[in-house]
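J.: Sharing protein-v4.cif, mmCIF, C-alpha atoms (C1' of nucleotides):
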```cif
data_data
loop_
_atom_site.label_atom_id
_atom_site.label_comp_id
_atom_site.auth_asym_id
_atom_site.auth_seq_id
_atom_site.Cartn_x
_atom_site.Cartn_y
_atom_site.Cartn_z
CA MET K 2 42.98 68.44 -145.50
CA THR K 3 40.57 65.62 -146.14
CA GLU K 4 42.74 64.72 -149.07
CA THR K 5 45.68 64.08 -146.74
CA ARG K 6 43.55 62.09 -144.39
CA ASP K 7 42.36 59.82 -147.17
CA ARG K 8 45.85 59.35 -148.47
CA ILE K 9 47.03 58.32 -145.03
CA LEU K 10 44.26 55.76 -144.81
CA ASP K 11 45.03 54.36 -148.24
CA VAL K 12 48.73 54.19 -147.60
CA ALA K 13 48.22 52.70 -144.15
CA LEU K 14 46.26 49.87 -145.72
CA GLU K 15 49.05 49.25 -148.17
CA VAL K 16 51.93 49.48 -145.73
CA MET K 17 50.26 47.51 -142.98
CA GLY K 18 49.15 44.98 -145.54
CA GLN K 19 52.79 44.11 -146.02
CA ASN K 20 53.79 44.51 -142.40
CA PRO K 21 50.99 44.59 -139.83
CA ASP K 22 53.46 45.87 -137.24
CA ALA K 23 54.35 48.96 -139.23
CA GLY K 24 54.46 52.00 -136.96
CA MET K 25 52.91 55.42 -137.35
CA GLY K 26 56.29 56.62 -138.57
CA ASP K 27 56.41 54.12 -141.42
CA ILE K 28 52.90 55.03 -142.49
CA ALA K 29 53.63 58.74 -142.33
CA THR K 30 56.78 58.41 -144.41
CA ALA K 31 55.05 56.25 -146.98
CA ALA K 32 52.29 58.82 -147.21
CA GLY K 33 54.86 61.56 -147.83
CA VAL K 34 54.00 63.27 -144.62
CA VAL K 35 55.46 63.75 -141.15
CA ARG K 36 54.54 61.55 -138.24
CA ARG K 37 53.12 64.51 -136.39
CA THR K 38 50.62 65.07 -139.17
CA VAL K 39 49.24 61.55 -138.87
CA TYR K 40 48.60 62.18 -135.20
CA GLY K 41 46.82 65.33 -136.26
CA HIS K 42 44.22 63.23 -138.07
CA PHE K 43 44.23 60.16 -135.86
CA PRO K 44 44.88 60.81 -132.18
CA SER K 45 46.05 57.25 -131.66
CA ARG K 46 46.96 54.15 -133.57
CA LEU K 47 43.73 52.57 -132.45
CA ASP K 48 41.79 55.40 -134.08
CA LEU K 49 43.50 54.66 -137.35
CA VAL K 50 42.78 50.94 -137.19
CA ARG K 51 39.21 51.58 -136.17
CA THR K 52 38.63 53.91 -139.07
CA LEU K 53 40.12 51.36 -141.42
CA THR K 54 37.90 48.67 -139.98
CA GLU K 55 34.79 50.79 -140.31
CA ARG K 56 35.64 51.34 -143.95
CA ALA K 57 36.06 47.63 -144.51
CA VAL K 58 32.85 46.76 -142.74
CA ASN K 59 30.91 49.30 -144.77
CA GLU K 60 32.26 47.94 -148.04
CA VAL K 61 31.58 44.34 -147.15
CA ILE K 62 28.08 45.14 -145.94
CA ALA K 63 27.37 47.02 -149.13
CA VAL K 64 28.30 43.95 -151.14
CA LEU K 65 26.41 41.60 -148.86
CA THR K 66 23.13 43.46 -148.77
CA ASP K 67 23.34 43.90 -152.50
CA VAL K 68 23.92 40.23 -153.15
CA ASN K 69 21.43 39.17 -150.52
CA ALA K 70 18.71 41.13 -152.28
CA ALA K 71 19.36 39.58 -155.69
CA GLU K 72 16.98 37.05 -157.21
CA ALA K 73 19.13 34.02 -157.84
CA ALA K 74 20.03 30.59 -156.56
CA ALA K 75 22.02 30.60 -153.34
CA ASP K 76 25.12 29.16 -154.94
CA ALA K 77 25.04 31.62 -157.81
CA ARG K 78 24.62 34.37 -155.30
CA TRP K 79 27.61 33.09 -153.42
CA VAL K 80 29.74 33.23 -156.53
CA GLU K 81 28.69 36.79 -157.05
CA PHE K 82 29.47 37.55 -153.44
CA ILE K 83 32.98 36.15 -153.53
CA ALA K 84 33.73 37.83 -156.81
CA ARG K 85 32.86 41.18 -155.31
CA LEU K 86 34.24 40.44 -151.87
CA TRP K 87 37.58 39.42 -153.25
CA PRO K 88 39.12 42.83 -153.95
CA VAL K 89 37.86 44.08 -150.60
CA ALA K 90 39.29 41.13 -148.72
CA HIS K 91 42.60 41.56 -150.42
CA ARG K 92 42.70 45.26 -149.79
CA TYR K 93 41.88 44.97 -146.13
CA ARG K 94 43.85 41.79 -145.51
CA VAL K 95 45.79 43.52 -142.77
CA LEU K 96 42.72 43.32 -140.55
CA LEU K 97 43.04 39.57 -140.59
CA ALA K 98 46.43 39.83 -138.96
CA LEU K 99 45.26 42.54 -136.56
CA ARG K 100 42.14 40.62 -135.60
CA ARG K 101 44.30 38.90 -133.06
CA GLY K 102 46.31 41.15 -130.76
CA GLU K 103 45.49 44.40 -129.06
CA TYR K 104 43.03 45.63 -131.68
CA GLY K 105 41.23 42.34 -131.96
CA GLU K 106 38.36 43.32 -129.76
CA ALA K 107 37.62 46.53 -131.62
CA ILE K 108 37.78 44.81 -134.99
CA HIS K 109 35.69 41.86 -133.93
CA GLY K 110 33.06 44.14 -132.51
CA LEU K 111 32.72 46.18 -135.67
CA PHE K 112 32.45 43.08 -137.80
CA GLY K 113 29.42 41.82 -135.88
CA PRO K 114 26.84 42.96 -138.43
CA VAL K 115 28.86 41.36 -141.21
CA ASP K 116 28.78 38.01 -139.45
CA GLU K 117 25.02 38.14 -139.21
CA LEU K 118 24.42 38.97 -142.84
CA LEU K 119 26.85 36.30 -143.86
CA ALA K 120 25.25 33.62 -141.75
CA ASP K 121 21.90 34.62 -143.21
CA LEU K 122 23.20 34.20 -146.74
CA VAL K 123 24.44 30.71 -145.98
CA LYS K 124 21.37 29.80 -143.96
CA ARG K 125 19.08 30.58 -146.86
CA GLY K 126 21.22 28.42 -149.07
CA GLN K 127 20.90 25.57 -146.64
CA ASP K 128 17.15 26.01 -146.29
CA SER K 129 16.73 25.72 -150.03
CA ASP K 130 18.90 22.59 -150.07
CA VAL K 131 21.55 24.18 -152.22
CA PHE K 132 24.14 24.12 -149.47
CA ALA K 133 24.78 21.10 -147.29
CA GLN K 134 23.61 21.12 -143.70
CA HIS K 135 26.27 19.08 -142.01
CA LEU K 136 27.44 22.18 -140.19
CA PRO K 137 25.49 25.08 -138.68
CA ALA K 138 25.27 28.12 -140.92
CA ALA K 139 26.99 30.37 -138.41
CA LEU K 140 30.05 28.15 -138.32
CA LEU K 141 30.11 27.32 -142.02
CA SER K 142 29.83 30.94 -143.03
CA GLN K 143 32.70 31.88 -140.75
CA LEU K 144 34.83 29.11 -142.19
CA ALA K 145 34.15 30.12 -145.75
CA TYR K 146 34.76 33.73 -144.88
CA GLY K 147 37.99 32.74 -143.23
CA VAL K 148 39.14 30.79 -146.25
CA VAL K 149 38.56 33.73 -148.54
CA PHE K 150 40.53 36.00 -146.29
CA ALA K 151 43.19 33.38 -145.77
CA ILE K 152 43.75 33.08 -149.49
CA ALA K 153 43.61 36.85 -149.87
CA ASP K 154 46.16 37.05 -147.10
CA SER K 155 48.33 34.39 -148.69
CA ASP K 156 51.79 35.14 -149.99
CA LEU K 157 51.03 33.28 -153.19
CA SER K 158 48.45 35.87 -154.11
CA ASN K 159 48.20 35.29 -157.85
CA GLY K 160 45.37 37.75 -158.17
CA ILE K 161 42.86 36.23 -160.55
CA LEU K 162 43.84 32.64 -159.87
CA ASP K 163 43.28 33.13 -156.17
CA ALA K 164 39.84 34.63 -156.62
CA ARG K 165 38.87 31.60 -158.67
CA ALA K 166 40.42 29.24 -156.16
CA ALA K 167 38.59 30.91 -153.33
CA THR K 168 35.26 30.69 -155.12
CA ILE K 169 35.52 27.03 -156.05
CA THR K 170 36.90 26.04 -152.70
CA THR K 171 34.20 27.76 -150.72
CA LEU K 172 31.48 26.33 -152.94
CA LEU K 173 32.83 22.85 -152.40
CA MET K 174 33.09 23.24 -148.69
CA MET K 175 29.48 24.27 -148.60
CA GLY K 176 28.49 21.05 -150.23
CA VAL K 177 28.06 22.16 -153.81
CA SER K 178 29.28 19.53 -156.26
CA GLY K 179 32.45 20.06 -158.20
CA ARG K 180 30.60 19.91 -161.48
CA ARG K 181 28.15 22.58 -160.44
CA ALA K 182 30.90 24.73 -158.94
CA ILE K 183 32.93 24.77 -162.12
CA GLU K 184 29.80 25.39 -164.12
CA LEU K 185 29.08 28.45 -161.99
CA VAL K 186 32.57 29.83 -162.05
CA GLY K 187 33.26 29.15 -165.69
CA GLU K 188 35.58 26.73 -167.39
CA GLN K 189 38.30 29.12 -168.45
CA PRO K 190 41.28 29.42 -166.12
CA MET U 27 68.04 21.79 -115.99
CA THR U 28 66.49 20.18 -119.03
CA GLU U 29 63.31 19.93 -117.03
CA THR U 30 63.14 23.69 -116.68
CA ARG U 31 63.87 24.16 -120.33
CA ASP U 32 61.03 21.88 -121.33
CA ARG U 33 58.64 23.55 -118.97
CA ILE U 34 59.49 26.92 -120.46
CA LEU U 35 58.76 25.59 -123.92
CA ASP U 36 55.46 24.09 -122.89
CA VAL U 37 54.36 27.18 -121.05
CA ALA U 38 55.50 29.44 -123.85
CA LEU U 39 53.24 27.55 -126.23
CA GLU U 40 50.34 27.99 -123.88
CA VAL U 41 50.89 31.64 -123.07
CA MET U 42 51.69 32.69 -126.61
CA GLY U 43 48.76 30.66 -127.82
CA GLN U 44 46.52 33.08 -126.00
CA ASN U 45 48.57 36.17 -126.74
CA PRO U 46 51.16 35.91 -129.51
CA ASP U 47 52.72 39.15 -128.34
CA ALA U 48 53.46 37.87 -124.86
CA GLY U 49 56.94 38.89 -123.77
CA MET U 50 59.75 36.89 -122.26
CA GLY U 51 58.67 38.22 -118.88
CA ASP U 52 55.14 36.85 -119.21
CA ILE U 53 56.45 33.47 -120.24
CA ALA U 54 58.95 33.37 -117.41
CA THR U 55 56.35 34.26 -114.82
CA ALA U 56 53.90 31.71 -116.15
CA ALA U 57 56.64 29.10 -115.99
CA GLY U 58 57.34 30.00 -112.37
CA VAL U 59 60.77 31.22 -113.18
CA VAL U 60 62.61 34.50 -113.52
CA ARG U 61 63.06 36.24 -116.82
CA ARG U 62 66.80 35.93 -116.52
CA THR U 63 66.50 32.17 -116.44
CA VAL U 64 64.63 32.07 -119.73
CA TYR U 65 67.46 33.98 -121.33
CA GLY U 66 69.78 31.40 -119.86
CA HIS U 67 68.14 28.73 -122.00
CA PHE U 68 67.21 30.81 -125.01
CA PRO U 69 69.59 33.65 -125.81
CA SER U 70 66.90 35.50 -127.70
CA ARG U 71 63.22 35.43 -128.37
CA LEU U 72 63.92 34.20 -131.86
CA ASP U 73 65.70 31.17 -130.42
CA LEU U 74 62.62 30.32 -128.43
CA VAL U 75 60.31 30.62 -131.40
CA ARG U 76 62.66 28.66 -133.59
CA THR U 77 62.84 25.82 -131.09
CA LEU U 78 59.07 25.79 -130.84
CA THR U 79 58.79 25.68 -134.60
CA GLU U 80 61.25 22.83 -134.90
CA ARG U 81 59.21 20.87 -132.40
CA ALA U 82 56.03 21.52 -134.35
CA VAL U 83 57.62 20.56 -137.65
CA ASN U 84 58.93 17.32 -136.19
CA GLU U 85 55.56 16.34 -134.83
CA VAL U 86 53.71 17.14 -138.03
CA ILE U 87 56.26 15.29 -140.13
CA ALA U 88 55.99 12.28 -137.87
CA VAL U 89 52.25 12.17 -138.45
CA LEU U 90 52.58 12.80 -142.15
CA THR U 91 55.15 10.15 -142.92
CA ASP U 92 53.19 7.70 -140.83
CA VAL U 93 49.93 8.39 -142.61
CA ASN U 94 51.60 8.54 -145.99
CA ALA U 95 52.93 5.04 -145.49
CA ALA U 96 49.57 3.51 -144.60
CA GLU U 97 47.70 1.27 -147.00
CA ALA U 98 44.35 2.99 -147.44
CA ALA U 99 42.30 5.13 -149.78
CA ALA U 100 43.50 8.69 -150.04
CA ASP U 101 40.40 10.13 -148.44
CA ALA U 102 40.50 7.72 -145.53
CA ARG U 103 44.15 8.57 -145.11
CA TRP U 104 43.26 12.22 -145.05
CA VAL U 105 40.75 11.65 -142.27
CA GLU U 106 43.42 9.87 -140.30
CA PHE U 107 45.82 12.68 -140.94
CA ILE U 108 43.50 15.43 -139.75
CA ALA U 109 42.52 13.44 -136.71
CA ARG U 110 46.13 13.19 -135.67
CA LEU U 111 47.13 16.61 -136.91
CA TRP U 112 44.39 18.30 -134.96
CA PRO U 113 45.88 18.29 -131.47
CA VAL U 114 49.21 19.39 -132.90
CA ALA U 115 47.67 22.22 -134.86
CA HIS U 116 45.78 23.37 -131.85
CA ARG U 117 48.79 23.17 -129.60
CA TYR U 118 51.03 25.10 -131.93
CA ARG U 119 48.39 27.52 -133.15
CA VAL U 120 50.55 30.41 -132.06
CA LEU U 121 52.82 29.76 -135.01
CA LEU U 122 49.99 30.69 -137.33
CA ALA U 123 49.91 34.16 -135.82
CA LEU U 124 53.70 34.41 -135.80
CA ARG U 125 54.03 33.18 -139.35
CA ARG U 126 53.51 36.78 -140.38
CA GLY U 127 55.76 39.32 -138.70
CA GLU U 128 59.41 39.27 -137.78
CA TYR U 129 59.63 35.51 -137.26
CA GLY U 130 57.73 34.67 -140.41
CA GLU U 131 60.79 33.91 -142.44
CA ALA U 132 62.27 31.50 -139.92
CA ILE U 133 58.98 29.68 -139.46
CA HIS U 134 58.24 29.45 -143.14
CA GLY U 135 61.67 28.09 -143.85
CA LEU U 136 61.41 25.34 -141.27
CA PHE U 137 58.01 24.29 -142.57
CA GLY U 138 59.33 23.63 -146.05
CA PRO U 139 59.56 19.83 -145.69
CA VAL U 140 56.04 19.73 -144.31
CA ASP U 141 54.70 21.46 -147.38
CA GLU U 142 56.30 18.89 -149.63
CA LEU U 143 54.95 15.87 -147.81
CA LEU U 144 51.55 17.45 -147.67
CA ALA U 145 51.44 18.20 -151.36
CA ASP U 146 52.49 14.62 -152.01
CA LEU U 147 49.62 13.28 -149.94
CA VAL U 148 47.11 15.34 -151.86
CA LYS U 149 48.74 14.62 -155.21
CA ARG U 150 48.42 10.91 -154.73
CA GLY U 151 44.76 11.38 -153.90
CA GLN U 152 44.26 13.32 -157.08
CA ASP U 153 46.13 10.77 -159.17
CA SER U 154 43.84 8.03 -157.92
CA ASP U 155 40.77 10.17 -158.70
CA VAL U 156 39.71 10.35 -155.08
CA PHE U 157 40.38 14.07 -154.84
CA ALA U 158 39.26 16.55 -157.46
CA GLN U 159 41.82 18.09 -159.77
CA HIS U 160 40.42 21.54 -160.32
CA LEU U 161 43.32 22.97 -158.38
CA PRO U 162 47.00 22.04 -158.30
CA ALA U 163 47.96 19.80 -155.38
CA ALA U 164 50.46 22.29 -154.02
CA LEU U 165 47.82 24.98 -153.71
CA LEU U 166 45.01 22.71 -152.56
CA SER U 167 47.11 21.15 -149.86
CA GLN U 168 48.10 24.54 -148.56
CA LEU U 169 44.49 25.66 -148.49
CA ALA U 170 43.35 22.60 -146.60
CA TYR U 171 46.25 22.93 -144.22
CA GLY U 172 45.36 26.56 -143.72
CA VAL U 173 41.75 25.73 -142.97
CA VAL U 174 42.73 23.22 -140.33
CA PHE U 175 45.00 25.70 -138.64
CA ALA U 176 42.47 28.48 -139.04
CA ILE U 177 39.85 26.45 -137.23
CA ALA U 178 42.37 25.39 -134.62
CA ASP U 179 43.27 29.03 -134.22
CA SER U 180 39.62 30.04 -133.97
CA ASP U 181 38.17 31.52 -130.82
CA LEU U 182 35.19 29.21 -131.06
CA SER U 183 37.43 26.23 -130.46
CA ASN U 184 34.85 23.70 -129.31
CA GLY U 185 37.40 20.95 -129.22
CA ILE U 186 35.82 17.87 -130.67
CA LEU U 187 33.30 19.72 -132.78
CA ASP U 188 36.07 21.69 -134.44
CA ALA U 189 38.08 18.62 -135.30
CA ARG U 190 35.04 17.13 -136.98
CA ALA U 191 34.27 20.40 -138.76
CA ALA U 192 37.84 20.62 -140.00
CA THR U 193 37.81 17.07 -141.33
CA ILE U 194 34.52 17.33 -143.19
CA THR U 195 35.29 20.74 -144.54
CA THR U 196 38.67 19.79 -145.88
CA LEU U 197 37.30 16.63 -147.47
CA LEU U 198 34.63 18.62 -149.21
CA MET U 199 37.02 21.22 -150.49
CA MET U 200 39.10 18.46 -151.99
CA GLY U 201 36.16 17.29 -154.00
CA VAL U 202 34.98 14.39 -151.88
CA SER U 203 31.18 14.13 -151.81
CA GLY U 204 29.31 15.06 -148.67
CA ARG U 205 27.88 11.55 -148.38
CA ARG U 206 31.30 9.96 -148.54
CA ALA U 207 32.76 12.52 -146.14
CA ILE U 208 30.17 11.86 -143.49
CA GLU U 209 30.56 8.15 -144.02
CA LEU U 210 34.27 8.46 -143.38
CA VAL U 211 33.98 10.68 -140.36
CA GLY U 212 31.04 8.93 -138.77
CA GLU U 213 27.44 9.94 -138.30
CA GLN U 214 27.49 10.86 -134.65
CA PRO U 215 27.95 14.54 -133.84
"C1'" DT E 14 83.73 20.22 -96.66
"C1'" DG E 15 84.26 21.81 -101.17
"C1'" DT E 16 82.63 22.34 -105.75
"C1'" DC E 17 79.67 22.64 -109.64
"C1'" DC E 18 75.61 24.29 -111.88
"C1'" DG E 19 71.27 26.13 -112.45
"C1'" DT E 20 68.76 29.70 -110.57
"C1'" DT E 21 67.85 34.22 -108.59
"C1'" DG E 22 67.62 39.29 -107.92
"C1'" DC E 23 68.97 43.43 -109.33
"C1'" DA E 24 70.88 46.93 -112.10
"C1'" DC E 25 71.84 48.68 -116.42
"C1'" DA E 26 72.00 50.14 -121.32
"C1'" DC E 27 69.62 50.25 -125.34
"C1'" DT E 28 66.04 50.38 -128.76
"C1'" DG E 29 61.80 51.48 -130.82
"C1'" DC E 30 57.64 52.94 -130.43
"C1'" DT E 31 53.66 56.19 -128.75
"C1'" DG E 32 51.68 60.50 -127.86
"C1'" DT E 33 52.19 65.61 -126.74
"C1'" DG E 34 53.58 70.56 -126.88
"C1'" DC E 35 54.83 74.39 -129.34
"C1'" DA E 36 56.66 77.66 -132.41
"C1'" DA E 37 57.34 78.34 -137.20
"C1'" DC E 38 55.78 78.03 -141.74
"C1'" DC E 39 53.21 77.98 -145.99
"C1'" DT E 40 49.12 78.44 -148.71
"C1'" DA E 41 44.55 79.55 -149.81
"C1'" DC E 42 41.16 82.62 -149.19
"C1'" DC E 43 38.96 87.20 -147.93
"C1'" DG B 17 47.78 92.71 -146.17
"C1'" DG B 18 45.79 89.82 -142.91
"C1'" DT B 19 43.90 85.64 -141.18
"C1'" DA B 20 42.86 80.70 -140.60
"C1'" DG B 21 44.03 76.00 -141.11
"C1'" DG B 22 46.80 72.33 -142.31
"C1'" DT B 23 51.59 71.09 -142.13
"C1'" DT B 24 56.30 70.87 -140.40
"C1'" DG B 25 60.36 70.23 -137.34
"C1'" DC B 26 61.90 69.35 -133.14
"C1'" DA B 27 62.07 68.39 -128.48
"C1'" DC B 28 60.41 65.78 -124.84
"C1'" DA B 29 58.32 62.39 -121.67
"C1'" DG B 30 57.06 57.90 -121.18
"C1'" DC B 31 56.66 53.13 -121.63
"C1'" DA B 32 57.53 48.38 -122.74
"C1'" DG B 33 60.39 45.14 -124.16
"C1'" DT B 34 65.08 43.10 -125.10
"C1'" DG B 35 69.41 41.44 -123.86
"C1'" DT B 36 73.57 41.66 -120.62
"C1'" DG B 37 76.54 41.63 -116.39
"C1'" DC B 38 77.38 40.14 -111.99
"C1'" DA B 39 77.26 38.75 -107.32
"C1'" DA B 40 74.82 35.79 -104.44
"C1'" DC B 41 72.21 31.72 -103.30
"C1'" DG B 42 71.09 26.73 -102.82
"C1'" DG B 43 70.91 22.02 -103.70
"C1'" DA B 44 73.23 17.84 -105.57
"C1'" DC B 45 77.12 15.34 -105.70
"C1'" DA B 46 81.85 13.59 -104.50
#
```
Please express the file's structure as structure tokens.
T.:
Amino acid sequence: MTETRDRILDVALEVMGQNPDAGMGDIATAAGVVRRTVYGHFPSRLDLVRTLTERAVNEVIAVLTDVNAAEAAADARWVEFIARLWPVAHRYRVLLALRRGEYGEAIHGLFGPVDELLADLVKRGQDSDVFAQHLPAALLSQLAYGVVFAIADSDLSNGILDARAATITTLLMMGVSGRRAIELVGEQP
Amino acid sequence: MTETRDRILDVALEVMGQNPDAGMGDIATAAGVVRRTVYGHFPSRLDLVRTLTERAVNEVIAVLTDVNAAEAAADARWVEFIARLWPVAHRYRVLLALRRGEYGEAIHGLFGPVDELLADLVKRGQDSDVFAQHLPAALLSQLAYGVVFAIADSDLSNGILDARAATITTLLMMGVSGRRAIELVGEQP
DNA sequence: TGTCCGTTGCACACTGCTGTGCAACCTACC
DNA sequence: GGTAGGTTGCACAGCAGTGTGCAACGGACA
């Protein structure tokens, strides 16, 4: 059933999020199903990872296009972006670990469109002098993106605190002043 | 011989730097030696990784204590630190990938002292109002550290450019103004 | 010449995973 | 009652990697 398939995907995200090297057996067990059933839905481990990646890419792109279309200052838009990216990044944090290794190529390829949209978001911020220009947009956007995922991937994941930390940190590294950053994010811890 | 042992370590760093999942066989071959010989020096894969980690920790600590002792402003000290940390981070980038997974615990444990020294460096910068205080030193230092390693780990590793990017970015995320950051790093690309 | 020591080559056992084949089973639906 | 589809249990082949045992080799050194 589609229901089973979805459950496997959800559980896989959870299990692999804790241990990226978890096998099909671990995932199956955690999903309350037999290993053979998982293979029924996903012919190979790569299929599973690819499906997961496609899901992630779709969610991130949805957020990005949404935010990109909004009428707001670039830095405010960035805050909005991180706020909405955060849960996604945390949920799919396993892809960060898998990005290197045998599935790296597949993942990297699927994330291509995301990279473009992201660079565009930063570029527009730079063009309107809201973000600093000491680094090319393509590189800066990747760094910021990496930081968000790195924090999401972190062991210390304090949930809310981390989202706030990620937002402020990325704003700063894009050249927004501390005062402005805190103003955007809000004073309350 | 000790010579062989050292060569294995060096080569292991190189090979695993490109593919963290490289086996003992790959390392042996790359070192111009037989697999059996590697096991002669390192009874298990964990031993190899642990030795590599100890090396890395020693090198980083050497840099950190050195920099920490210098008489200079905290931000200038940070620039010095990154400049000297960079080659080390790049060389041992494999540990970033291995930090998660079965060796994670061993690696994390050995890096404990590094974390402390690092937090101290940042804390002193915050206390002298050179670094912003919107985030606790322990967290901020870890983030900055993570960024440096993330860039070092990056595929785009452009060498010099990356070192510069890492320095500026980390300065910014610690609340140093863009003007001051560029002044510290130097104008030239 | 003899001896030590690191290295080699090969064989072996073991483990843990992937992916497949197939018969049986259960449930929903007609 | 019959059928179709998802699920199960189990067996099997295969592969890659780890770690070990052992006899043989070869150079350095006395």
J.: Take every atom of region 49-62 of chain K listed in the file, fit an axis-aligned box around them, add 6 Å per side, and give the centre and edge lengths in Å to one decimal as lines of an AutoDock Vina configuration file.
T.:
```
center_x = 35.8
center_y = 49.5
center_z = -142.1
size_x = 27.4
size_y = 22.3
size_z = 23.9
```
J.: Under the PyMOL selection byres ((chain K) within 10 of (chain B)), which residues of this model are included? Write them out as a PyMOL selection string.
T.: chain K and resi 2-3+5+34-38+41
J.: On this file, the PyMOL selection byres ((chain U and resi 75) around 10) gives some set of residues; write that set as a CSV table (one decimal) with C-alpha atoms, in the coordinates of the input.
T.:
```csv
chain,number,residue,atom,x,y,z
U,35,LEU,CA,58.8,25.6,-123.9
U,38,ALA,CA,55.5,29.4,-123.8
U,39,LEU,CA,53.2,27.6,-126.2
U,68,PHE,CA,67.2,30.8,-125.0
U,70,SER,CA,66.9,35.5,-127.7
U,71,ARG,CA,63.2,35.4,-128.4
U,72,LEU,CA,63.9,34.2,-131.9
U,73,ASP,CA,65.7,31.2,-130.4
U,74,LEU,CA,62.6,30.3,-128.4
U,76,ARG,CA,62.7,28.7,-133.6
U,77,THR,CA,62.8,25.8,-131.1
U,78,LEU,CA,59.1,25.8,-130.8
U,79,THR,CA,58.8,25.7,-134.6
U,80,GLU,CA,61.2,22.8,-134.9
U,81,ARG,CA,59.2,20.9,-132.4
U,120,VAL,CA,50.6,30.4,-132.1
U,121,LEU,CA,52.8,29.8,-135.0
U,124,LEU,CA,53.7,34.4,-135.8
U,129,TYR,CA,59.6,35.5,-137.3
U,132,ALA,CA,62.3,31.5,-139.9
U,133,ILE,CA,59.0,29.7,-139.5
```
J.: Once the PyMOL selection byres ((chain U) within 8 of (chain K)) has been applied to the shown file, what residues remain in the selection, as an MDAnalysis selection string?
T.: chainID U and resid 45:47 123 126:127 158 161 169 172:173 176:177 191 195:201 203:204
J.: Could you write out that same residue set with C-alpha atoms as a PDB file, in the coordinates of the input?
T.:
```pdb
ATOM      1  CA  ASN U  45      48.570  36.170-126.740  1.00  0.00           C
ATOM      2  CA  PRO U  46      51.160  35.910-129.510  1.00  0.00           C
ATOM      3  CA  ASP U  47      52.720  39.150-128.340  1.00  0.00           C
ATOM      4  CA  ALA U 123      49.910  34.160-135.820  1.00  0.00           C
ATOM      5  CA  ARG U 126      53.510  36.780-140.380  1.00  0.00           C
ATOM      6  CA  GLY U 127      55.760  39.320-138.700  1.00  0.00           C
ATOM      7  CA  ALA U 158      39.260  16.550-157.460  1.00  0.00           C
ATOM      8  CA  LEU U 161      43.320  22.970-158.380  1.00  0.00           C
ATOM      9  CA  LEU U 169      44.490  25.660-148.490  1.00  0.00           C
ATOM     10  CA  GLY U 172      45.360  26.560-143.720  1.00  0.00           C
ATOM     11  CA  VAL U 173      41.750  25.730-142.970  1.00  0.00           C
ATOM     12  CA  ALA U 176      42.470  28.480-139.040  1.00  0.00           C
ATOM     13  CA  ILE U 177      39.850  26.450-137.230  1.00  0.00           C
ATOM     14  CA  ALA U 191      34.270  20.400-138.760  1.00  0.00           C
ATOM     15  CA  THR U 195      35.290  20.740-144.540  1.00  0.00           C
ATOM     16  CA  THR U 196      38.670  19.790-145.880  1.00  0.00           C
ATOM     17  CA  LEU U 197      37.300  16.630-147.470  1.00  0.00           C
ATOM     18  CA  LEU U 198      34.630  18.620-149.210  1.00  0.00           C
ATOM     19  CA  MET U 199      37.020  21.220-150.490  1.00  0.00           C
ATOM     20  CA  MET U 200      39.100  18.460-151.990  1.00  0.00           C
ATOM     21  CA  GLY U 201      36.160  17.290-154.000  1.00  0.00           C
ATOM     22  CA  SER U 203      31.180  14.130-151.810  1.00  0.00           C
ATOM     23  CA  GLY U 204      29.310  15.060-148.670  1.00  0.00           C
TER      24      GLY U 204
END
```
J.: Report, in Å to a single decimal, how far apart CA of Arg31 (chain U) and CA of Asp52 (chain U) are.
T.: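 Interatomic distance, CA of Asp52 (chain U) to CA of Arg31 (chain U): 15.4 Å.
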J.: Could region 140-148 of chain U be completed with N, CA and C atoms and written as a compact mmCIF listing (two decimals), keeping the file's coordinate frame, please?
T.:
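Writing done, so here's result_8.txt:
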```txt
# COMPACT_ATOMS: atom_id res chain seq x y z
N VAL U 140 57.44 20.05 -144.55
CA VAL U 140 56.04 19.73 -144.31
C VAL U 140 55.21 19.98 -145.56
N ASP U 141 55.44 21.11 -146.17
CA ASP U 141 54.70 21.46 -147.38
C ASP U 141 54.85 20.39 -148.45
N GLU U 142 56.05 19.89 -148.59
CA GLU U 142 56.30 18.89 -149.63
C GLU U 142 55.53 17.60 -149.37
N LEU U 143 55.65 17.10 -148.16
CA LEU U 143 54.95 15.87 -147.81
C LEU U 143 53.44 16.01 -147.96
N LEU U 144 52.98 17.17 -147.61
CA LEU U 144 51.55 17.45 -147.67
C LEU U 144 51.06 17.45 -149.12
N ALA U 145 51.79 18.13 -149.95
CA ALA U 145 51.44 18.20 -151.36
C ALA U 145 51.46 16.79 -151.96
N ASP U 146 52.39 15.99 -151.52
CA ASP U 146 52.49 14.62 -152.01
C ASP U 146 51.25 13.82 -151.64
N LEU U 147 50.81 14.00 -150.42
CA LEU U 147 49.62 13.28 -149.94
C LEU U 147 48.40 13.62 -150.80
N VAL U 148 48.26 14.90 -151.06
CA VAL U 148 47.11 15.34 -151.86
C VAL U 148 47.27 14.89 -153.32
```
